[in-house]
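Asker: I am sharing entry02.txt, which consists of compact mmCIF, C-alpha atoms:
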```txt
# COMPACT_ATOMS: atom_id res chain seq x y z
CA MET A 65 133.21 105.42 98.32
CA THR A 66 136.23 103.74 96.83
CA LYS A 67 138.68 104.78 94.17
CA PRO A 68 136.72 106.00 91.15
CA ARG A 69 137.24 104.87 87.59
CA VAL A 70 137.66 107.44 84.84
CA LYS A 71 137.88 106.78 81.13
CA LEU A 72 139.52 109.34 78.86
CA PRO A 73 140.73 108.99 75.28
CA GLU A 74 144.37 107.91 74.96
CA SER A 75 145.18 111.24 73.39
CA ALA A 76 143.29 114.29 72.17
CA LYS A 77 143.90 117.28 69.91
CA VAL A 78 143.26 120.91 70.84
CA GLY A 79 139.69 121.81 69.82
CA GLU A 80 138.57 118.20 69.72
CA VAL A 81 135.38 117.26 71.62
CA ILE A 82 136.10 114.29 73.87
CA GLU A 83 133.84 112.08 75.96
CA VAL A 84 134.65 111.64 79.65
CA LYS A 85 133.21 108.66 81.52
CA THR A 86 133.34 108.30 85.29
CA LEU A 87 132.18 105.59 87.68
CA ILE A 88 132.35 105.44 91.47
CA SER A 89 131.00 102.89 93.92
CA HIS A 90 128.51 104.37 96.38
CA VAL A 91 125.32 102.99 97.96
CA MET A 92 123.30 106.14 97.04
CA GLU A 93 120.91 105.47 99.95
CA THR A 94 117.62 107.18 99.05
CA GLY A 95 116.28 107.86 102.56
CA GLN A 96 113.05 106.09 101.53
CA ARG A 97 114.05 102.58 102.61
CA LYS A 98 113.40 101.05 106.03
CA ASP A 99 115.53 98.56 107.96
CA PRO A 100 114.01 95.28 109.31
CA GLU A 101 112.97 97.11 112.53
CA GLY A 102 110.97 99.61 110.51
CA LYS A 103 113.33 102.54 111.07
CA THR A 104 114.10 104.74 108.09
CA ILE A 105 117.64 104.30 106.79
CA PRO A 106 119.05 107.85 106.60
CA ARG A 107 119.72 109.29 103.16
CA ASN A 108 123.30 109.25 101.98
CA ILE A 109 123.98 110.00 98.35
CA ILE A 110 126.69 111.67 96.33
CA ASN A 111 124.90 114.97 95.82
CA THR A 112 127.52 116.76 93.74
CA PHE A 113 130.05 115.83 91.10
CA THR A 114 132.31 118.40 89.50
CA ALA A 115 134.86 118.17 86.72
CA ALA A 116 137.43 120.92 86.22
CA PHE A 117 140.08 121.10 83.51
CA ALA A 118 143.19 123.26 83.94
CA GLY A 119 141.49 124.94 86.90
CA THR A 120 138.18 125.77 85.15
CA GLU A 121 134.93 123.95 85.86
CA VAL A 122 133.69 122.20 82.71
CA PHE A 123 130.84 120.07 84.08
CA LYS A 124 128.76 119.73 87.22
CA ALA A 125 126.09 117.21 88.21
CA GLU A 126 123.64 117.95 91.02
CA MET A 127 122.25 114.56 91.92
CA HIS A 128 119.15 113.51 93.87
CA PRO A 129 118.07 110.09 95.17
CA GLY A 130 116.77 109.28 91.67
CA ILE A 131 120.32 108.54 90.50
CA SER A 132 121.21 104.84 90.73
CA ALA A 133 123.75 103.34 93.12
CA ASN A 134 127.37 103.44 91.91
CA PRO A 135 126.73 106.54 89.81
CA TYR A 136 127.99 106.48 86.26
CA LEU A 137 128.35 109.74 84.39
CA SER A 138 129.25 110.56 80.83
CA PHE A 139 129.78 114.07 79.48
CA TYR A 140 131.79 115.97 76.86
CA MET A 141 134.54 118.58 76.77
CA LYS A 142 136.10 120.61 73.98
CA VAL A 143 139.85 120.37 74.65
CA PRO A 144 141.10 123.94 75.25
CA GLY A 145 144.77 122.94 75.44
CA PRO A 146 147.05 120.82 77.58
CA GLY A 147 146.00 120.32 81.18
CA GLU A 148 144.89 118.11 83.99
CA PHE A 149 141.38 117.02 84.99
CA GLU A 150 140.24 117.31 88.58
CA PHE A 151 137.15 115.27 89.39
CA ALA A 152 135.41 115.58 92.77
CA TRP A 153 132.56 113.55 94.30
CA THR A 154 130.90 114.83 97.51
CA ASP A 155 128.32 112.86 99.53
CA ASP A 156 125.73 113.84 102.18
CA GLY A 157 128.16 112.88 104.95
CA GLY A 158 130.55 115.54 103.66
CA LYS A 159 133.00 112.92 102.38
CA LYS A 160 134.83 114.10 99.28
CA ILE A 161 136.89 112.07 96.86
CA VAL A 162 139.15 113.88 94.43
CA GLU A 163 140.82 112.32 91.43
CA LYS A 164 143.37 114.08 89.22
CA ILE A 165 144.23 112.80 85.75
CA LYS A 166 146.37 114.45 83.11
CA LEU A 167 144.97 114.54 79.59
CA ASN A 168 147.43 113.58 76.86
CA VAL A 169 147.07 116.47 74.38
CA THR A 170 148.92 116.14 71.10
CA MET B 248 23.70 91.03 113.61
CA LEU B 249 25.29 92.75 116.62
CA ARG B 250 27.93 90.08 116.71
CA HIS B 251 28.80 90.72 113.06
CA MET B 252 29.13 94.47 113.69
CA LEU B 253 31.44 93.90 116.66
CA GLN B 254 33.61 91.57 114.63
CA GLY B 255 33.82 94.24 111.93
CA TRP B 256 35.04 96.88 114.43
CA ILE B 257 37.62 94.49 115.82
CA ASP B 258 38.94 93.68 112.33
CA ALA B 259 39.16 97.36 111.48
CA GLY B 260 41.10 97.96 114.70
CA ARG B 261 43.53 95.18 113.87
CA ILE B 262 44.20 96.57 110.41
CA LEU B 263 44.83 100.07 111.80
CA TYR B 264 47.22 98.67 114.43
CA LYS B 265 49.19 96.80 111.75
CA LYS B 266 49.41 99.95 109.62
CA ARG B 267 50.79 101.94 112.54
CA LEU B 268 53.42 99.27 113.14
CA GLN B 269 54.44 99.41 109.49
CA MET B 270 54.70 103.19 109.62
CA ARG B 271 56.99 102.99 112.64
CA ARG B 272 59.24 100.53 110.86
CA THR B 273 59.43 102.83 107.84
CA VAL B 274 60.37 105.74 110.09
CA HIS B 275 63.13 103.69 111.69
CA VAL B 276 64.57 102.74 108.34
CA ARG B 277 64.60 106.32 107.19
CA ARG B 278 66.36 107.68 110.28
CA PRO B 279 68.65 104.96 111.53
CA HIS B 280 70.64 107.36 113.74
CA ARG B 281 67.51 108.89 115.27
CA LEU B 282 68.49 112.29 113.90
CA SER B 283 65.72 114.79 114.12
CA ARG B 284 64.76 116.39 110.84
CA ARG B 285 66.12 119.73 112.11
CA ALA B 286 69.50 118.35 113.23
CA PHE B 287 69.86 116.65 109.87
CA ALA B 288 69.15 119.87 108.03
CA ILE B 289 71.75 121.78 110.07
CA GLY B 290 74.36 119.07 109.50
CA ALA B 291 73.77 119.00 105.76
CA GLY B 292 74.01 122.78 105.65
CA ALA B 293 77.36 122.74 107.46
CA ALA B 294 78.73 120.08 105.11
CA LEU B 295 77.74 122.17 102.11
CA THR B 296 79.44 125.24 103.58
CA VAL B 297 82.73 123.33 104.05
CA ALA B 298 82.58 122.01 100.50
CA ALA B 299 81.93 125.48 99.13
CA LEU B 300 84.86 127.15 100.97
CA PRO B 301 87.23 128.47 98.32
CA GLY B 302 90.95 127.63 98.35
CA ARG B 303 90.52 124.66 100.64
CA PRO B 304 91.03 121.49 98.61
CA LEU B 305 89.18 118.54 100.09
CA LEU B 306 91.49 115.98 98.52
CA ALA B 307 95.29 115.93 98.30
CA GLN B 308 94.88 115.36 94.54
CA ASP B 309 93.62 118.90 94.16
CA GLN B 310 97.06 120.23 95.15
CA PRO B 311 99.80 120.43 92.52
CA GLN B 312 101.72 117.19 92.28
CA ALA B 313 105.32 117.06 93.52
CA TRP B 314 106.64 116.80 89.95
CA GLU B 315 104.61 119.82 88.87
CA GLN B 316 106.16 121.82 91.69
CA ALA B 317 109.64 120.62 90.70
CA LEU B 318 108.95 121.63 87.10
CA ARG B 319 107.65 125.05 88.14
CA LYS B 320 110.84 125.60 90.19
CA ILE B 321 112.95 125.10 87.07
CA LEU B 322 110.78 126.95 84.57
CA GLY B 323 109.32 129.79 86.63
CA ASP B 324 106.73 131.34 84.33
CA ALA B 325 108.53 130.28 81.13
CA LYS B 326 106.83 127.98 78.63
CA PRO B 327 109.18 125.31 77.27
CA ILE B 328 109.38 124.55 73.55
CA GLU B 329 109.05 120.89 72.66
CA GLY B 330 111.80 119.24 70.66
CA LYS B 331 115.53 119.47 69.84
CA ILE B 332 116.24 116.97 72.62
CA ALA B 333 117.13 113.37 71.83
CA VAL B 334 116.31 111.16 74.81
CA GLU B 335 117.47 107.58 74.88
CA LEU B 336 115.54 105.61 77.48
CA PRO B 337 114.33 102.02 77.36
CA GLU B 338 110.65 101.65 76.49
CA ILE B 339 110.47 98.88 79.06
CA ALA B 340 112.85 98.96 82.03
CA GLU B 341 113.19 95.50 83.57
CA ASN B 342 114.89 96.86 86.68
CA GLY B 343 113.77 100.22 87.98
CA ASN B 344 116.91 100.47 90.11
CA THR B 345 119.16 101.17 87.13
CA VAL B 346 117.58 102.64 84.05
CA PRO B 347 120.26 103.87 81.64
CA PHE B 348 119.66 107.12 79.81
CA THR B 349 121.40 109.35 77.29
CA ILE B 350 120.29 112.91 76.61
CA ALA B 351 121.59 114.98 73.70
CA VAL B 352 120.44 118.50 72.90
CA ASP B 353 120.82 119.94 69.41
CA SER B 354 122.91 123.04 70.20
CA PRO B 355 126.03 124.67 68.67
CA MET B 356 127.39 125.14 72.22
CA THR B 357 128.93 128.53 71.42
CA GLU B 358 129.31 131.46 73.82
CA LYS B 359 126.16 133.04 72.30
CA ASP B 360 124.03 129.93 72.02
CA HIS B 361 124.53 127.02 74.38
CA VAL B 362 122.76 124.75 76.83
CA LYS B 363 123.31 125.90 80.40
CA ALA B 364 121.64 122.99 82.14
CA ILE B 365 119.77 119.75 81.59
CA HIS B 366 117.16 118.83 84.20
CA ILE B 367 115.50 115.43 84.62
CA ILE B 368 112.15 114.89 86.34
CA ALA B 369 110.64 111.46 87.01
CA THR B 370 106.95 112.26 87.45
CA SER B 371 106.01 109.34 89.74
CA ASN B 372 109.14 109.02 91.89
CA PRO B 373 108.86 109.89 95.61
CA GLN B 374 111.30 112.70 94.83
CA PRO B 375 110.69 113.68 91.21
CA GLY B 376 113.92 115.64 90.70
CA VAL B 377 116.50 113.13 89.43
CA ALA B 378 119.45 115.34 88.52
CA THR B 379 120.60 118.64 87.08
CA PHE B 380 123.64 118.72 84.80
CA ARG B 381 125.43 122.06 84.35
CA LEU B 382 127.10 122.65 81.00
CA SER B 383 128.96 125.51 79.32
CA PRO B 384 130.54 126.33 75.93
CA LEU B 385 133.55 124.37 77.24
CA SER B 386 131.42 121.23 76.93
CA GLY B 387 131.60 121.34 73.13
CA LYS B 388 128.61 119.00 72.94
CA ALA B 389 125.38 119.07 74.94
CA ALA B 390 125.10 115.42 75.86
CA VAL B 391 125.08 113.48 79.11
CA ALA B 392 124.50 109.89 80.15
CA SER B 393 123.88 108.18 83.48
CA ARG B 394 121.53 105.73 85.16
CA MET B 395 118.37 106.55 87.09
CA ARG B 396 115.93 104.93 89.50
CA LEU B 397 112.26 104.70 88.53
CA GLN B 398 109.78 103.56 91.16
CA ARG B 399 107.07 102.59 88.68
CA THR B 400 105.82 103.04 85.15
CA GLN B 401 105.80 106.76 84.47
CA ASP B 402 106.72 109.71 82.26
CA VAL B 403 110.23 111.13 82.39
CA ILE B 404 110.52 114.83 81.56
CA VAL B 405 113.76 116.40 80.31
CA ILE B 406 114.20 120.19 80.34
CA ALA B 407 117.11 121.94 78.63
CA GLU B 408 117.87 125.44 79.89
CA LEU B 409 119.37 127.62 77.13
CA SER B 410 121.79 130.55 77.41
CA ASP B 411 119.16 132.96 76.00
CA GLY B 412 116.74 132.10 78.81
CA ARG B 413 114.50 129.80 76.76
CA PHE B 414 113.68 126.21 77.69
CA LEU B 415 113.31 123.07 75.59
CA SER B 416 111.42 120.02 76.78
CA ALA B 417 110.92 116.35 75.98
CA LYS B 418 108.78 113.65 77.58
CA ARG B 419 109.24 109.89 77.45
CA PRO B 420 107.01 107.18 78.94
CA VAL B 421 108.91 104.28 80.54
CA LYS B 422 107.30 101.01 81.58
CA VAL B 423 108.92 99.62 84.72
CA THR B 424 108.75 95.89 85.48
CA ILE B 425 110.38 95.93 88.95
CA GLY B 426 110.31 99.29 90.72
CA GLY B 427 113.41 101.01 92.06
CA CYS B 428 113.84 103.49 94.92
CA GLY B 429 113.79 100.67 97.47
CA GLY B 430 110.10 101.12 98.28
```
Would you write out, as structure tokens, the structure that this file holds?
Answerer:
Amino acid sequence: MTKPRVKLPESAKVGEVIEVKTLISHVMETGQRKDPEGKTIPRNIINTFTAAFAGTEVFKAEMHPGISANPYLSFYMKVPGPGEFEFAWTDDGGKKIVEKIKLNVT
Amino acid sequence: MLRHMLQGWIDAGRILYKKRLQMRRTVHVRRPHRLSRRAFAIGAGAALTVAALPGRPLLAQDQPQAWEQALRKILGDAKPIEGKIAVELPEIAENGNTVPFTIAVDSPMTEKDHVKAIHIIATSNPQPGVATFRLSPLSGKAAVASRMRLQRTQDVIVIAELSDGRFLSAKRPVKVTIGGCGG
């Protein structure tokens, strides 16, 4: 997992519904593939993604091996007021990447 | 005269001998494994008993498919209502490794009436559950987008779980040119 990419609108008004797009690089190994020696490559996927705004969870994705490598996610949020996003990606190995981005509320 | 009679007896004997040979051959063809009639009858009886045993499916196909189990886990005993879900999926996916999708549910997303979750099931994937997205009135709009893997041509089922306990459903067939899932 490397540094994720998040796309937010430049600015948003209170009560406005905004789209949030996130992208992170991850192999999303399904656990179905075999290496050249015939041994199963162990599963390692990002199983959970959460998005919180001003300390409240606004979106959660529970992912299974059916989600493609380098998972892209798009979802919406109704802006409750000024605040900061906290995005978190957790994989099977217990690795967690957290990204915090302030939303420009006008 | 005597000679003729003798010849006649000999001929008759030959014919009988041939007939017996033929009968033996027929018997061999009918019972190639030299099963006695009784043993065969017992075996057939046993086979019939096994086939008639209730609750013991003979073929794996008789058991509920993995996707049906996944669906049951989400729905419980509830019956989903078809419609109110807009699913954007390619009709033909060239690469099953990344099939883009957008799902939008027609919902006011208020405290009283909103979509709690959107579930995706790929009916012919080794693991049919693709993802579950959890939403709330804070979402403002019940829509998500991502990319999924599809192993082969199949139906994709989308279930929307509503705040009042009801379920909506939608089904889309997707043709897959090159399968995903690294099979």
Asker: Could you check the closest approach to chain A for each of B:Thr370, B:Thr357, B:Thr345, B:Ser410 and tell me which residue wins, using only C-alpha atoms?
Answerer: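 Smallest separation from chain A among the options: B:Thr345.
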Asker: Fewer than 6 positions away in the same chain doesn't count, so skip those; otherwise give me all residues within 10 Å of Arg399 in chain B, counting all atoms listed in the file, as an NGL selection string.
Answerer: :B and (340 or 342-343 or 369-372 or 421-428)
Asker: Please indicate the distance in Å from CA of Ala133 in chain A to CA of Glu341 in chain B, rounded to one decimal place.
Answerer: 16.3 Å
Asker: When you count all atoms listed in the file, which of these residues is closest to Asn134 in chain A: A:Ile161, A:Ile109, A:Leu87, A:Val169?
Answerer: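 With all atoms listed in the file as the atom set, the closest residue is A:Leu87.
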Asker: Give me, as CSV, each residue of chain A that comes within 8 Å of chain B, together with its shortest interatomic pair and the distance in Å at one decimal, counting only C-alpha atoms, with rows ordered by chain and rising residue number.
Answerer:
```
residue,atom,partner,partner_atom,distance
A:Val81,CA,B:Gly387,CA,5.8
A:Thr94,CA,B:Cys428,CA,6.7
A:Gln96,CA,B:Gly430,CA,6.6
A:Arg97,CA,B:Gly429,CA,5.5
A:Val122,CA,B:Leu385,CA,5.9
A:Phe123,CA,B:Leu382,CA,5.5
A:Lys124,CA,B:Arg381,CA,5.0
A:Ala125,CA,B:Phe380,CA,4.5
A:Glu126,CA,B:Thr379,CA,5.0
A:Met127,CA,B:Ala378,CA,4.5
A:His128,CA,B:Val377,CA,5.2
A:Pro129,CA,B:Val377,CA,6.7
A:Gly130,CA,B:Val377,CA,4.5
A:Ile131,CA,B:Met395,CA,4.4
A:Ser132,CA,B:Met395,CA,4.9
A:Ala133,CA,B:Thr345,CA,7.9
A:Pro135,CA,B:Arg394,CA,7.0
A:Tyr136,CA,B:Ser393,CA,5.2
A:Leu137,CA,B:Ser393,CA,4.8
A:Ser138,CA,B:Ala392,CA,4.8
A:Phe139,CA,B:Val391,CA,4.8
A:Tyr140,CA,B:Ser386,CA,5.3
A:Met141,CA,B:Ser386,CA,4.1
A:Lys142,CA,B:Gly387,CA,4.6
A:Val143,CA,B:Leu385,CA,7.9
A:Pro144,CA,B:Leu385,CA,7.8
```
Asker: Those same residues - C-alpha atoms - I'd like them written as a short mmCIF file (atom, residue, chain, number, x, y, z; two decimals), in the coordinates of the input.
Answerer:
```cif
data_model
loop_
_atom_site.label_atom_id
_atom_site.label_comp_id
_atom_site.auth_asym_id
_atom_site.auth_seq_id
_atom_site.Cartn_x
_atom_site.Cartn_y
_atom_site.Cartn_z
CA VAL A 81 135.38 117.26 71.62
CA THR A 94 117.62 107.18 99.05
CA GLN A 96 113.05 106.09 101.53
CA ARG A 97 114.05 102.58 102.61
CA VAL A 122 133.69 122.20 82.71
CA PHE A 123 130.84 120.07 84.08
CA LYS A 124 128.76 119.73 87.22
CA ALA A 125 126.09 117.21 88.21
CA GLU A 126 123.64 117.95 91.02
CA MET A 127 122.25 114.56 91.92
CA HIS A 128 119.15 113.51 93.87
CA PRO A 129 118.07 110.09 95.17
CA GLY A 130 116.77 109.28 91.67
CA ILE A 131 120.32 108.54 90.50
CA SER A 132 121.21 104.84 90.73
CA ALA A 133 123.75 103.34 93.12
CA PRO A 135 126.73 106.54 89.81
CA TYR A 136 127.99 106.48 86.26
CA LEU A 137 128.35 109.74 84.39
CA SER A 138 129.25 110.56 80.83
CA PHE A 139 129.78 114.07 79.48
CA TYR A 140 131.79 115.97 76.86
CA MET A 141 134.54 118.58 76.77
CA LYS A 142 136.10 120.61 73.98
CA VAL A 143 139.85 120.37 74.65
CA PRO A 144 141.10 123.94 75.25
#
```
Asker: Looking at all atoms listed in the file, which of A:Pro146, A:Ala118, A:Pro100, A:Asp155 is the one that sits closest to Lys77 in chain A?
Answerer: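 Going through A:Pro146, A:Ala118, A:Pro100, A:Asp155 one by one, the smallest distance to Lys77 in chain A is for A:Pro146.
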Asker: Could you jot down the CA of Glu121 in chain A to CA of Leu72 in chain A separation for me, Å, one decimal place?
Answerer: 16.8 Å
Asker: (140.7, 117.2, 93.1) in this file's frame - what residues fall within 6 Å of it? Use all atoms listed in the file and give the answer as an MDAnalysis selection string.
Answerer: chainID A and resid 150:152 162:164
Asker: Could you give me, as an MDAnalysis selection string, the residues within 6 Å of Asn108 in chain A, counting all atoms listed in the file and dropping anything in the same chain fewer than 6 positions from it?
Answerer: chainID A and resid 92:93 156
Asker: Hey, can you check how far CA of Thr170 in chain A sits from CA of Phe113 in chain A?
Answerer: 27.5 Å
Asker: Find, counting only C-alpha atoms, the residue in B:Leu336, B:Ala407, B:Ile321, B:Val362 that gets nearest to Pro420 in chain B.
Answerer: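 Closest to Pro420 in chain B of all the choices is B:Leu336.
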Asker: What residues have an atom no more than 10 Å from (108.4, 119.8, 72.7) in the file's own frame, counting all atoms listed in the file, and can you write them as an NGL selection string?
Answerer: :B and (327-332 or 405-406 or 414-418)
Asker: Which residue, A:Thr114, A:Pro68, A:Thr154, A:Lys160, has the smallest gap to Ile88 in chain A when you use only C-alpha atoms?
Answerer: A:Pro68
